[in-house]
>>> print(open('work04.pdb').read())   # PDB, C-alpha atoms
ATOM      1  CA  MET A   1      11.908  -0.148  37.670
ATOM      2  CA  GLN A   2      13.094  -1.309  34.296
ATOM      3  CA  LYS A   3      10.627  -4.155  34.243
ATOM      4  CA  SER A   4       7.810  -1.807  35.161
ATOM      5  CA  GLY A   5       8.767   0.565  32.359
ATOM      6  CA  LYS A   6       8.674  -2.248  29.807
ATOM      7  CA  SER A   7       5.227  -3.334  30.962
ATOM      8  CA  VAL A   8       3.896   0.230  30.680
ATOM      9  CA  MET A   9       5.342   0.535  27.164
ATOM     10  CA  ALA A  10       3.751  -2.782  26.133
ATOM     11  CA  TRP A  11       0.400  -1.631  27.518
ATOM     12  CA  ASN A  12       0.602   1.660  25.626
ATOM     13  CA  VAL A  13       1.384  -0.131  22.362
ATOM     14  CA  PHE A  14      -1.575  -2.463  22.896
ATOM     15  CA  LYS A  15      -3.824   0.491  23.586
ATOM     16  CA  PHE A  16      -2.607   2.194  20.404
ATOM     17  CA  CYS A  17      -3.288  -0.919  18.296
ATOM     18  CA  THR A  18      -6.781  -1.236  19.774
ATOM     19  CA  ALA A  19      -7.472   2.401  18.885
ATOM     20  CA  LEU A  20      -6.389   1.787  15.288
ATOM     21  CA  ARG A  21      -8.830  -1.114  14.995
ATOM     22  CA  ALA A  22     -11.684   1.041  16.310
ATOM     23  CA  LEU A  23     -10.727   3.836  13.907
ATOM     24  CA  GLY A  24     -11.303   1.644  10.854
ATOM     25  CA  SER A  25     -14.909   2.322   9.892
ATOM     26  CA  ILE A  26     -14.529   6.009  10.784
ATOM     27  CA  MET A  27     -11.673   6.388   8.289
ATOM     28  CA  ILE A  28     -13.708   4.836   5.471
ATOM     29  CA  VAL A  29     -16.575   7.229   6.189
ATOM     30  CA  LEU A  30     -14.092  10.126   6.291
ATOM     31  CA  VAL A  31     -12.591   9.186   2.915
ATOM     32  CA  LEU A  32     -16.029   8.834   1.317
ATOM     33  CA  GLY A  33     -17.110  12.109   2.916
ATOM     34  CA  ILE A  34     -14.166  14.002   1.421
ATOM     35  CA  ILE A  35     -14.888  12.434  -1.972
ATOM     36  CA  GLY A  36     -18.567  13.342  -1.651
ATOM     37  CA  VAL A  37     -17.864  17.002  -0.873
ATOM     38  CA  THR A  38     -15.364  17.184  -3.724
ATOM     39  CA  TYR A  39     -17.883  15.625  -6.110
ATOM     40  CA  TYR A  40     -20.532  18.144  -5.094
ATOM     41  CA  VAL A  41     -18.214  21.125  -5.569
ATOM     42  CA  ILE A  42     -16.836  20.012  -8.940
ATOM     43  CA  VAL A  43     -19.893  18.458 -10.580
ATOM     44  CA  VAL A  44     -22.958  20.021  -8.942
ATOM     45  CA  ALA A  45     -21.810  23.488  -7.910
ATOM     46  CA  ASN A  46     -19.333  24.470 -10.622
ATOM     47  CA  TYR A  47     -18.567  22.481 -13.763
ATOM     48  CA  GLY A  48     -21.930  20.761 -14.145
ATOM     49  CA  PRO A  49     -23.811  24.028 -14.658
ATOM     50  CA  ALA A  50     -20.916  25.350 -16.792
ATOM     51  CA  LEU A  51     -21.760  22.738 -19.437
ATOM     52  CA  PHE A  52     -24.728  24.886 -20.460
ATOM     53  CA  HIS A  53     -22.860  28.183 -20.687
ATOM     54  CA  GLY A  54     -21.807  27.522 -24.266
ATOM     55  CA  GLY A  55     -18.549  28.261 -26.023
ATOM     56  CA  LEU A  56     -15.165  27.645 -24.436
ATOM     57  CA  ASP A  57     -16.617  27.345 -20.924
ATOM     58  CA  SER A  58     -18.697  24.345 -21.955
ATOM     59  CA  PHE A  59     -15.735  22.661 -23.632
ATOM     60  CA  VAL A  60     -13.479  23.143 -20.580
ATOM     61  CA  ALA A  61     -16.240  21.931 -18.269
ATOM     62  CA  PHE A  62     -16.723  18.841 -20.419
ATOM     63  CA  LEU A  63     -13.021  17.982 -20.295
ATOM     64  CA  VAL A  64     -12.819  18.538 -16.538
ATOM     65  CA  LEU A  65     -15.855  16.333 -15.901
ATOM     66  CA  VAL A  66     -14.592  13.534 -18.156
ATOM     67  CA  PHE A  67     -11.176  13.416 -16.506
ATOM     68  CA  PHE A  68     -12.689  13.859 -13.055
ATOM     69  CA  HIS A  69     -15.102  10.937 -13.385
ATOM     70  CA  SER A  70     -12.475   8.717 -15.023
ATOM     71  CA  LEU A  71      -9.971   9.302 -12.228
ATOM     72  CA  LEU A  72     -12.682   8.988  -9.586
ATOM     73  CA  VAL A  73     -13.700   5.548 -10.852
ATOM     74  CA  MET A  74     -10.088   4.347 -10.810
ATOM     75  CA  LEU A  75      -9.511   5.856  -7.362
ATOM     76  CA  LEU A  76     -12.564   4.140  -5.849
ATOM     77  CA  TRP A  77     -11.724   0.857  -7.569
ATOM     78  CA  SER A  78      -8.167   0.943  -6.241
ATOM     79  CA  TYR A  79      -9.260   2.080  -2.786
ATOM     80  CA  PHE A  80     -11.815  -0.656  -2.196
ATOM     81  CA  ALA A  81      -9.525  -3.242  -3.760
ATOM     82  CA  THR A  82      -6.940  -2.293  -1.123
ATOM     83  CA  VAL A  83      -9.505  -2.254   1.686
ATOM     84  CA  LEU A  84     -11.173  -5.557   0.821
ATOM     85  CA  ALA A  85      -8.198  -7.581  -0.429
ATOM     86  CA  ASP A  86      -6.392  -9.917   1.920
ATOM     87  CA  PRO A  87      -2.831  -8.534   2.112
ATOM     88  CA  GLY A  88      -1.536 -12.087   2.488
ATOM     89  CA  GLY A  89      -1.387 -14.214   5.597
ATOM     90  CA  VAL A  90       0.674 -17.244   6.523
ATOM     91  CA  PRO A  91      -1.415 -20.412   6.064
ATOM     92  CA  PRO A  92      -2.096 -22.427   9.236
ATOM     93  CA  HIS A  93       0.559 -25.050   9.988
ATOM     94  CA  TRP A  94       2.855 -23.609   7.311
ATOM     95  CA  ARG A  95       6.513 -24.478   7.666
ATOM     96  CA  PRO A  96       9.493 -24.248   5.293
ATOM     97  CA  SER A  97      10.807 -27.423   3.765
ATOM     98  CA  ILE A  98      14.359 -28.351   4.728
ATOM     99  CA  ASP A  99      17.076 -29.503   2.386
ATOM    100  CA  GLU A 100      18.450 -32.447   4.342
ATOM    101  CA  GLU A 101      21.847 -32.309   2.672
ATOM    102  CA  SER A 102      22.584 -28.599   2.981
ATOM    103  CA  GLY A 103      20.300 -27.791   5.874
ATOM    104  CA  ASP A 104      18.919 -24.780   3.989
ATOM    105  CA  ALA A 105      15.300 -23.792   4.312
ATOM    106  CA  ASP A 106      13.260 -23.644   1.146
ATOM    107  CA  PRO A 107      10.765 -20.807   1.733
ATOM    108  CA  LEU A 108       8.822 -21.666  -1.421
ATOM    109  CA  VAL A 109       7.215 -24.818  -0.094
ATOM    110  CA  GLY A 110       4.998 -25.036   2.968
ATOM    111  CA  LEU A 111       4.469 -28.430   4.545
ATOM    112  CA  ALA A 112       1.377 -29.096   6.607
ATOM    113  CA  HIS A 113       1.766 -30.731   9.959
ATOM    114  CA  GLU A 114      -0.595 -31.590  12.778
ATOM    115  CA  GLY A 115      -0.634 -28.760  15.358
ATOM    116  CA  THR A 116       1.435 -25.609  15.365
ATOM    117  CA  ASP A 117       3.264 -26.710  18.494
ATOM    118  CA  LEU A 118       4.477 -29.953  16.929
ATOM    119  CA  GLY A 119       8.263 -29.638  16.875
ATOM    120  CA  LEU A 120       8.104 -25.853  16.610
ATOM    121  CA  ASN A 121      10.325 -25.034  19.546
ATOM    122  CA  GLN A 122      12.900 -27.627  18.518
ATOM    123  CA  SER A 123      12.888 -26.435  14.918
ATOM    124  CA  ALA A 124      13.035 -22.800  15.976
ATOM    125  CA  THR A 125      16.060 -23.440  18.125
ATOM    126  CA  LEU A 126      17.720 -25.364  15.328
ATOM    127  CA  GLY A 127      16.889 -22.618  12.866
ATOM    128  CA  GLU A 128      18.307 -19.859  15.037
ATOM    129  CA  GLN A 129      21.539 -21.778  15.566
ATOM    130  CA  ALA A 130      22.061 -23.535  12.254
ATOM    131  CA  ASN A 131      20.084 -21.610   9.661
ATOM    132  CA  PRO A 132      19.134 -17.947  10.037
ATOM    133  CA  GLN A 133      16.600 -18.334   7.208
ATOM    134  CA  LEU A 134      14.291 -20.222   9.558
ATOM    135  CA  ARG A 135      12.201 -17.498  11.165
ATOM    136  CA  VAL A 136       9.573 -17.983  13.848
ATOM    137  CA  CYS A 137       6.874 -15.574  15.014
ATOM    138  CA  ARG A 138       6.618 -15.960  18.764
ATOM    139  CA  LYS A 139       3.248 -14.197  18.834
ATOM    140  CA  CYS A 140       1.628 -16.452  16.221
ATOM    141  CA  ASN A 141       3.689 -19.475  17.349
ATOM    142  CA  GLN A 142       4.495 -20.519  13.797
ATOM    143  CA  PHE A 143       7.171 -20.211  11.133
ATOM    144  CA  LYS A 144       7.438 -17.025   9.068
ATOM    145  CA  PRO A 145       8.277 -16.969   5.336
ATOM    146  CA  PRO A 146      10.966 -14.558   4.108
ATOM    147  CA  ARG A 147      10.031 -10.856   4.197
ATOM    148  CA  CYS A 148       7.053 -11.627   6.432
ATOM    149  CA  HIS A 149       6.357  -9.513   9.528
ATOM    150  CA  HIS A 150       3.832  -9.579  12.349
ATOM    151  CA  CYS A 151       1.216  -6.810  12.423
ATOM    152  CA  SER A 152       0.117  -5.919  15.941
ATOM    153  CA  VAL A 153      -3.023  -4.207  14.652
ATOM    154  CA  CYS A 154      -4.223  -7.144  12.542
ATOM    155  CA  GLY A 155      -2.887  -9.648  15.063
ATOM    156  CA  ARG A 156      -1.242 -11.899  12.482
ATOM    157  CA  CYS A 157       1.786 -12.235  10.230
ATOM    158  CA  ILE A 158       1.543 -10.491   6.836
ATOM    159  CA  LEU A 159       3.432 -11.650   3.746
ATOM    160  CA  LYS A 160       5.912  -9.014   2.542
ATOM    161  CA  MET A 161       4.355  -6.512   4.920
ATOM    162  CA  ASP A 162       4.903  -2.861   4.084
ATOM    163  CA  HIS A 163       2.881  -1.117   6.802
ATOM    164  CA  HIS A 164      -0.562  -0.943   8.369
ATOM    165  CA  CYS A 165      -2.481   1.927   6.795
ATOM    166  CA  VAL A 166      -5.310   3.556   8.750
ATOM    167  CA  TRP A 167      -6.702   5.163   5.573
ATOM    168  CA  VAL A 168      -7.433   1.792   3.963
ATOM    169  CA  VAL A 169      -8.170   0.071   7.309
ATOM    170  CA  ASN A 170      -5.938  -2.792   6.287
ATOM    171  CA  CYS A 171      -2.376  -3.977   6.140
ATOM    172  CA  VAL A 172      -0.457  -3.338   2.943
ATOM    173  CA  GLY A 173       1.274  -6.563   1.979
ATOM    174  CA  ALA A 174       2.212  -8.829  -0.889
ATOM    175  CA  LEU A 175      -1.312  -9.285  -2.254
ATOM    176  CA  ASN A 176      -2.556  -5.687  -2.179
ATOM    177  CA  TYR A 177       0.589  -3.537  -2.442
ATOM    178  CA  LYS A 178      -0.052  -2.843  -6.127
ATOM    179  CA  TYR A 179      -3.624  -1.769  -5.340
ATOM    180  CA  PHE A 180      -2.349   0.584  -2.640
ATOM    181  CA  LEU A 181       0.169   2.184  -5.008
ATOM    182  CA  LEU A 182      -2.525   2.714  -7.631
ATOM    183  CA  PHE A 183      -4.742   4.259  -4.957
ATOM    184  CA  LEU A 184      -1.966   6.740  -4.194
ATOM    185  CA  PHE A 185      -1.375   7.372  -7.896
ATOM    186  CA  TYR A 186      -5.009   8.083  -8.798
ATOM    187  CA  THR A 187      -5.562  10.081  -5.609
ATOM    188  CA  PHE A 188      -2.626  12.306  -6.515
ATOM    189  CA  LEU A 189      -3.918  12.809 -10.070
ATOM    190  CA  LEU A 190      -7.484  13.511  -8.933
ATOM    191  CA  THR A 191      -6.532  15.927  -6.145
ATOM    192  CA  THR A 192      -4.194  17.739  -8.546
ATOM    193  CA  LEU A 193      -6.984  18.019 -11.134
ATOM    194  CA  VAL A 194      -9.418  19.365  -8.523
ATOM    195  CA  THR A 195      -6.836  21.851  -7.228
ATOM    196  CA  LEU A 196      -6.127  23.208 -10.703
ATOM    197  CA  SER A 197      -9.828  23.295 -11.578
ATOM    198  CA  LEU A 198     -10.685  25.369  -8.502
ATOM    199  CA  LEU A 199      -7.582  27.560  -8.564
ATOM    200  CA  ARG A 200      -9.233  30.449 -10.415
ATOM    201  CA  LEU A 201     -12.089  30.471  -7.899
ATOM    202  CA  PHE A 202      -9.659  30.382  -4.984
ATOM    203  CA  ILE A 203      -7.758  33.367  -6.418
ATOM    204  CA  ALA A 204     -11.051  35.198  -6.858
ATOM    205  CA  PHE A 205     -11.640  34.944  -3.087
ATOM    206  CA  PHE A 206      -8.740  37.341  -2.511
ATOM    207  CA  THR A 207      -9.269  39.603  -5.496
ATOM    208  CA  ASP A 208     -12.115  41.643  -6.928
ATOM    209  CA  GLY A 209     -13.139  38.813  -9.209
ATOM    210  CA  VAL A 210     -16.809  37.875  -9.516
ATOM    211  CA  ILE A 211     -17.785  34.488  -8.083
ATOM    212  CA  ASP A 212     -21.181  32.983  -8.835
ATOM    213  CA  GLY A 213     -22.965  30.785  -6.342
ATOM    214  CA  THR A 214     -24.518  30.776  -2.911
ATOM    215  CA  PRO A 215     -22.467  31.462   0.233
ATOM    216  CA  GLY A 216     -22.689  27.768   1.101
ATOM    217  CA  ASN A 217     -21.232  26.758  -2.259
ATOM    218  CA  LEU A 218     -18.447  29.314  -1.907
ATOM    219  CA  VAL A 219     -17.463  27.944   1.507
ATOM    220  CA  ALA A 220     -17.568  24.369   0.192
ATOM    221  CA  THR A 221     -15.421  25.387  -2.778
ATOM    222  CA  PHE A 222     -12.847  27.074  -0.547
ATOM    223  CA  VAL A 223     -12.631  24.076   1.822
ATOM    224  CA  THR A 224     -12.433  21.620  -1.077
ATOM    225  CA  PHE A 225      -9.567  23.520  -2.666
ATOM    226  CA  VAL A 226      -7.564  23.603   0.575
ATOM    227  CA  LEU A 227      -8.186  19.911   1.284
ATOM    228  CA  ASN A 228      -7.259  18.744  -2.198
ATOM    229  CA  LEU A 229      -4.167  20.933  -2.333
ATOM    230  CA  SER A 230      -3.027  19.521   1.012
ATOM    231  CA  PHE A 231      -3.639  15.932  -0.078
ATOM    232  CA  ALA A 232      -1.921  16.471  -3.425
ATOM    233  CA  LEU A 233       1.257  17.805  -1.806
ATOM    234  CA  SER A 234       1.407  15.173   0.933
ATOM    235  CA  ILE A 235       0.588  12.247  -1.347
ATOM    236  CA  MET A 236       3.163  13.395  -3.890
ATOM    237  CA  GLY A 237       5.933  12.889  -1.333
ATOM    238  CA  PHE A 238       4.473   9.595  -0.190
ATOM    239  CA  LEU A 239       4.140   8.387  -3.785
ATOM    240  CA  VAL A 240       7.728   9.318  -4.640
ATOM    241  CA  MET A 241       8.924   7.396  -1.583
ATOM    242  CA  HIS A 242       7.024   4.252  -2.541
ATOM    243  CA  ILE A 243       8.181   4.434  -6.157
ATOM    244  CA  SER A 244      11.771   4.418  -4.916
ATOM    245  CA  LEU A 245      10.942   1.439  -2.678
ATOM    246  CA  VAL A 246       9.429  -0.478  -5.594
ATOM    247  CA  LEU A 247      12.410   0.176  -7.838
ATOM    248  CA  GLY A 248      14.705  -1.071  -5.061
ATOM    249  CA  ASN A 249      12.486  -4.083  -4.280
ATOM    250  CA  THR A 250      12.123  -2.927  -0.694
ATOM    251  CA  THR A 251       9.226  -2.427   1.696
ATOM    252  CA  THR A 252       8.893   0.375   4.216
ATOM    253  CA  ILE A 253       9.893  -1.994   7.016
ATOM    254  CA  GLU A 254      12.816  -3.399   5.037
ATOM    255  CA  ALA A 255      14.076   0.095   4.244
ATOM    256  CA  PHE A 256      15.326   0.369   7.811
ATOM    257  CA  GLU A 257      16.943  -3.073   7.631
ATOM    258  CA  LYS A 258      18.518  -2.237   4.293
ATOM    259  CA  LYS A 259      20.479   0.648   5.822
ATOM    260  CA  THR A 260      22.628  -1.869   7.703
ATOM    261  CA  ASN A 261      23.186  -3.963   4.572
ATOM    262  CA  PRO A 262      23.530  -1.928   1.363
ATOM    263  CA  LYS A 263      23.891  -5.128  -0.705
ATOM    264  CA  TRP A 264      20.198  -5.998  -0.845
ATOM    265  CA  ARG A 265      19.790  -9.591  -1.995
ATOM    266  CA  TYR A 266      16.310  -9.008  -3.480
ATOM    267  CA  ASP A 267      17.373  -6.117  -5.730
ATOM    268  CA  LEU A 268      17.263  -7.616  -9.237
ATOM    269  CA  GLY A 269      17.290  -4.366 -11.184
ATOM    270  CA  ARG A 270      14.588  -1.738 -11.603
ATOM    271  CA  ARG A 271      12.704  -3.501 -14.379
ATOM    272  CA  LYS A 272      12.395  -6.838 -12.587
ATOM    273  CA  ASN A 273      11.729  -5.145  -9.274
ATOM    274  CA  PHE A 274       8.845  -3.223 -10.833
ATOM    275  CA  GLU A 275       7.419  -6.379 -12.408
ATOM    276  CA  GLN A 276       7.444  -8.162  -9.046
ATOM    277  CA  VAL A 277       4.808  -5.682  -7.872
ATOM    278  CA  PHE A 278       2.876  -4.789 -11.035
ATOM    279  CA  GLY A 279       3.325  -7.955 -13.064
ATOM    280  CA  VAL A 280       4.691  -8.495 -16.557
ATOM    281  CA  ASP A 281       1.434  -7.880 -18.448
ATOM    282  CA  LYS A 282       1.470  -4.167 -19.322
ATOM    283  CA  ARG A 283      -2.303  -4.168 -19.896
ATOM    284  CA  CYS A 284      -2.839  -4.571 -16.143
ATOM    285  CA  TRP A 285      -0.251  -2.127 -14.870
ATOM    286  CA  PHE A 286      -2.770   0.670 -14.259
ATOM    287  CA  ILE A 287      -5.702  -1.348 -12.925
ATOM    288  CA  PRO A 288      -5.974  -3.017  -9.489
ATOM    289  CA  ALA A 289      -5.901  -6.548 -10.877
ATOM    290  CA  TYR A 290      -3.494  -9.097 -12.330
ATOM    291  CA  SER A 291      -3.786 -11.109 -15.512
ATOM    292  CA  GLU A 292      -4.201 -14.868 -15.221
ATOM    293  CA  GLU A 293      -0.865 -15.336 -16.989
ATOM    294  CA  ASP A 294       0.969 -13.284 -14.367
ATOM    295  CA  LEU A 295      -0.699 -15.128 -11.490
ATOM    296  CA  GLU A 296       0.238 -18.490 -13.020
ATOM    297  CA  CYS A 297       3.784 -17.643 -14.118
ATOM    298  CA  MET A 298       4.897 -15.344 -11.285
ATOM    299  CA  PRO A 299       4.893 -17.078  -7.880
ATOM    300  CA  VAL A 300       6.382 -13.904  -6.401
ATOM    301  CA  LEU A 301       2.917 -12.319  -6.548
ATOM    302  CA  GLN A 302       1.726 -14.840  -3.940
ATOM    303  CA  GLY A 303       4.204 -13.567  -1.347
ATOM    304  CA  PHE A 304       6.281 -16.716  -0.756
ATOM    305  CA  ASP A 305       8.719 -16.971  -3.656
ATOM    306  CA  PHE A 306      11.250 -14.120  -3.866
ATOM    307  CA  PRO A 307      14.135 -14.509  -6.325
ATOM    308  CA  THR A 308      17.471 -13.250  -5.076
ATOM    309  CA  ARG A 309      20.668 -12.026  -6.661
ATOM    310  CA  PRO A 310      22.916 -15.001  -7.479
ATOM    311  CA  ASP A 311      26.026 -13.144  -6.333
ATOM    312  CA  LEU A 312      24.483 -12.516  -2.911
ATOM    313  CA  ASP A 313      22.720 -15.804  -2.298
ATOM    314  CA  GLU A 314      25.268 -16.788   0.271
ATOM    315  CA  LEU A 315      24.407 -13.773   2.420
ATOM    316  CA  GLN A 316      21.724 -14.473   4.974
ATOM    317  CA  GLN A 317      19.677 -11.316   5.396
ATOM    318  CA  PHE A 318      17.347 -12.912   7.868
TER
END
>>> encode(input="work04.pdb", output="structure tokens")
Amino acid sequence: MQKSGKSVMAWNVFKFCTALRALGSIMIVLVLGIIGVTYYVIVVANYGPALFHGGLDSFVAFLVLVFFHSLLVMLLWSYFATVLADPGGVPPHWRPSIDEESGDADPLVGLAHEGTDLGLNQSATLGEQANPQLRVCRKCNQFKPPRCHHCSVCGRCILKMDHHCVWVVNCVGALNYKYFLLFLFYTFLLTTLVTLSLLRLFIAFFTDGVIDGTPGNLVATFVTFVLNLSFALSIMGFLVMHISLVLGNTTTIEAFEKKTNPKWRYDLGRRKNFEQVFGVDKRCWFIPAYSEEDLECMPVLQGFDFPTRPDLDELQQF
């Protein structure tokens, strides 16, 4: 009975992962649809025409439209950067180099070898017994770098995997985590702006206030306000959570592992932890891109090299 239960659970997980793959294109259309409706309500139905009212109304409409379009551009840039960017995969035939004297694995160097099965089982057994830093993915049948996890939806190992996000139809990993955080940041700012901009109209629905526009525009305005308010509140909590993870140099997956070991070996202090995600160049902190200097001087951005605390180097987290 126990064996049967495990097989049913495995089948259900596989079915769930297959459903997430099929959901991908639908989620992109849904996101663009919500943005399209919001754009229509803000620009076409309300604040676009208000530009020609004159006086204070025109000035307020101008400010709203400038901020709205600026945040919208950054949101779309960050969103598609997250969707299209490779989150970071383990190269074929990658394996950690071994210090022959100490027996420690050096996760920073991958050595190519002919065939993934060549010596893998022997090395995996040796790694599990002699060196816990040697990690093997049994699904991919290859070695895993530190902080790397297997994604059942993508069907491969992801470097510094945080989670698989259905909204971006992609894994969030070492190479696109910054883009994902900026997507959350600009989405929160834009949805907050839209909510505040439509608040007076929403209040007018339940008062004796006069509302201009066709019934269709009024319904679209009401729905847009509710949607953006809901997204703003939910994303605010999600954004706060990820900011705390960044400052602690932890991923969502590692947050559960960290509970059993409060002395986190990758926690180098808030400043350095932040720079490991956003880079050192302040000019690129708020755009979904890295400067060439950061890419050349910070191997951590590639997802293989993760500095650790000197006082905790002897602890083997993995």
>>> resolve_selection(input="work04.pdb", expression="the PyMOL selection byres ((chain A and resi 176) around 9)", output="PDB file with C-alpha atoms, in the coordinates of the input")
ATOM      1  CA  ALA A  81      -9.525  -3.242  -3.760  1.00  0.00           C
ATOM      2  CA  THR A  82      -6.940  -2.293  -1.123  1.00  0.00           C
ATOM      3  CA  VAL A  83      -9.505  -2.254   1.686  1.00  0.00           C
ATOM      4  CA  ALA A  85      -8.198  -7.581  -0.429  1.00  0.00           C
ATOM      5  CA  ASP A  86      -6.392  -9.917   1.920  1.00  0.00           C
ATOM      6  CA  PRO A  87      -2.831  -8.534   2.112  1.00  0.00           C
ATOM      7  CA  GLY A  88      -1.536 -12.087   2.488  1.00  0.00           C
ATOM      8  CA  CYS A 171      -2.376  -3.977   6.140  1.00  0.00           C
ATOM      9  CA  VAL A 172      -0.457  -3.338   2.943  1.00  0.00           C
ATOM     10  CA  GLY A 173       1.274  -6.563   1.979  1.00  0.00           C
ATOM     11  CA  ALA A 174       2.212  -8.829  -0.889  1.00  0.00           C
ATOM     12  CA  LEU A 175      -1.312  -9.285  -2.254  1.00  0.00           C
ATOM     13  CA  TYR A 177       0.589  -3.537  -2.442  1.00  0.00           C
ATOM     14  CA  LYS A 178      -0.052  -2.843  -6.127  1.00  0.00           C
ATOM     15  CA  TYR A 179      -3.624  -1.769  -5.340  1.00  0.00           C
ATOM     16  CA  PHE A 180      -2.349   0.584  -2.640  1.00  0.00           C
ATOM     17  CA  LEU A 181       0.169   2.184  -5.008  1.00  0.00           C
ATOM     18  CA  PRO A 288      -5.974  -3.017  -9.489  1.00  0.00           C
TER      19      PRO A 288
END
>>> closest_atom_pairs(input="work04.pdb", of="stretch 172-218 of chain A", to="stretch 236-258 of chain A", cutoff="8 Å", atoms="all atoms listed in the file", output="Markdown table")
| residue | atom | partner | partner_atom | distance |
| --- | --- | --- | --- | --- |
| A:Leu181 | CA | A:Leu239 | CA | 7.5 |
| A:Leu184 | CA | A:Leu239 | CA | 6.3 |
| A:Phe185 | CA | A:Leu239 | CA | 7.0 |
| A:Phe188 | CA | A:Met236 | CA | 6.4 |
>>> axis_aligned_box(input="work04.pdb", around="stretch 219-224 of chain A", padding_each_side="8 Å", output="JSON")
{"center_x": -15.0, "center_y": 24.8, "center_z": -0.5, "size_x": 21.1, "size_y": 22.3, "size_z": 20.6}
>>> atom_distance(input="work04.pdb", atom1="atom CA of A:Arg270", atom2="atom CA of A:Trp285")
15.2 Å
>>> atom_distance(input="work04.pdb", atom1="atom CA of A:Lys139", atom2="atom CA of A:Asp305")
23.3 Å
>>> atom_distance(input="work04.pdb", atom1="atom CA of A:Val226", atom2="atom CA of A:Val168")
22.1 Å
>>> resolve_selection(input="work04.pdb", expression="the PyMOL selection byres ((chain A and resi 27) around 12)", output="VMD selection string")
chain A and resid 20 to 26 28 to 34 83 165 to 170
>>> write_last_selection(input="work04.pdb", atoms="C-alpha atoms", output="PDB file, in the frame of the given file")
ATOM      1  CA  LEU A  20      -6.389   1.787  15.288  1.00  0.00           C
ATOM      2  CA  ARG A  21      -8.830  -1.114  14.995  1.00  0.00           C
ATOM      3  CA  ALA A  22     -11.684   1.041  16.310  1.00  0.00           C
ATOM      4  CA  LEU A  23     -10.727   3.836  13.907  1.00  0.00           C
ATOM      5  CA  GLY A  24     -11.303   1.644  10.854  1.00  0.00           C
ATOM      6  CA  SER A  25     -14.909   2.322   9.892  1.00  0.00           C
ATOM      7  CA  ILE A  26     -14.529   6.009  10.784  1.00  0.00           C
ATOM      8  CA  ILE A  28     -13.708   4.836   5.471  1.00  0.00           C
ATOM      9  CA  VAL A  29     -16.575   7.229   6.189  1.00  0.00           C
ATOM     10  CA  LEU A  30     -14.092  10.126   6.291  1.00  0.00           C
ATOM     11  CA  VAL A  31     -12.591   9.186   2.915  1.00  0.00           C
ATOM     12  CA  LEU A  32     -16.029   8.834   1.317  1.00  0.00           C
ATOM     13  CA  GLY A  33     -17.110  12.109   2.916  1.00  0.00           C
ATOM     14  CA  ILE A  34     -14.166  14.002   1.421  1.00  0.00           C
ATOM     15  CA  VAL A  83      -9.505  -2.254   1.686  1.00  0.00           C
ATOM     16  CA  CYS A 165      -2.481   1.927   6.795  1.00  0.00           C
ATOM     17  CA  VAL A 166      -5.310   3.556   8.750  1.00  0.00           C
ATOM     18  CA  TRP A 167      -6.702   5.163   5.573  1.00  0.00           C
ATOM     19  CA  VAL A 168      -7.433   1.792   3.963  1.00  0.00           C
ATOM     20  CA  VAL A 169      -8.170   0.071   7.309  1.00  0.00           C
ATOM     21  CA  ASN A 170      -5.938  -2.792   6.287  1.00  0.00           C
TER      22      ASN A 170
END
>>> closest_residue(input="work04.pdb", among="A:Leu229, A:Val43, A:Val64, A:Leu75", to="A:Leu199", atoms="all atoms listed in the file")
A:Leu229
>>> closest_residue(input="work04.pdb", among="A:Gly155, A:Pro310, A:Pro299, A:Gly269", to="A:Gly89", atoms="all atoms listed in the file")
A:Gly155
>>> resolve_selection(input="work04.pdb", expression="the PyMOL selection byres ((chain A and resi 277-280) around 9)", output="list in words")
Ala174, Tyr177, Lys178, Val246, Asn249, Lys272, Asn273, Phe274, Glu275, Gln276, Asp281, Lys282, Arg283, Cys284, Trp285, Phe286, Ala289, Tyr290, Ser291, Glu293, Asp294, Leu295, Met298, Val300 and Leu301 of chain A
>>> closest_residue(input="work04.pdb", among="A:Ile211, A:Leu268, A:Ile235, A:Ala61", to="A:Leu182", atoms="only C-alpha atoms")
A:Ile235
>>> closest_residue(input="work04.pdb", among="A:Trp77, A:Phe206, A:Phe183, A:Phe306", to="A:Pro145", atoms="only C-alpha atoms")
A:Phe306
>>> closest_residue(input="work04.pdb", among="A:Lys263, A:His163, A:Arg135, A:His150", to="A:Pro96", atoms="all atoms listed in the file")
A:Arg135
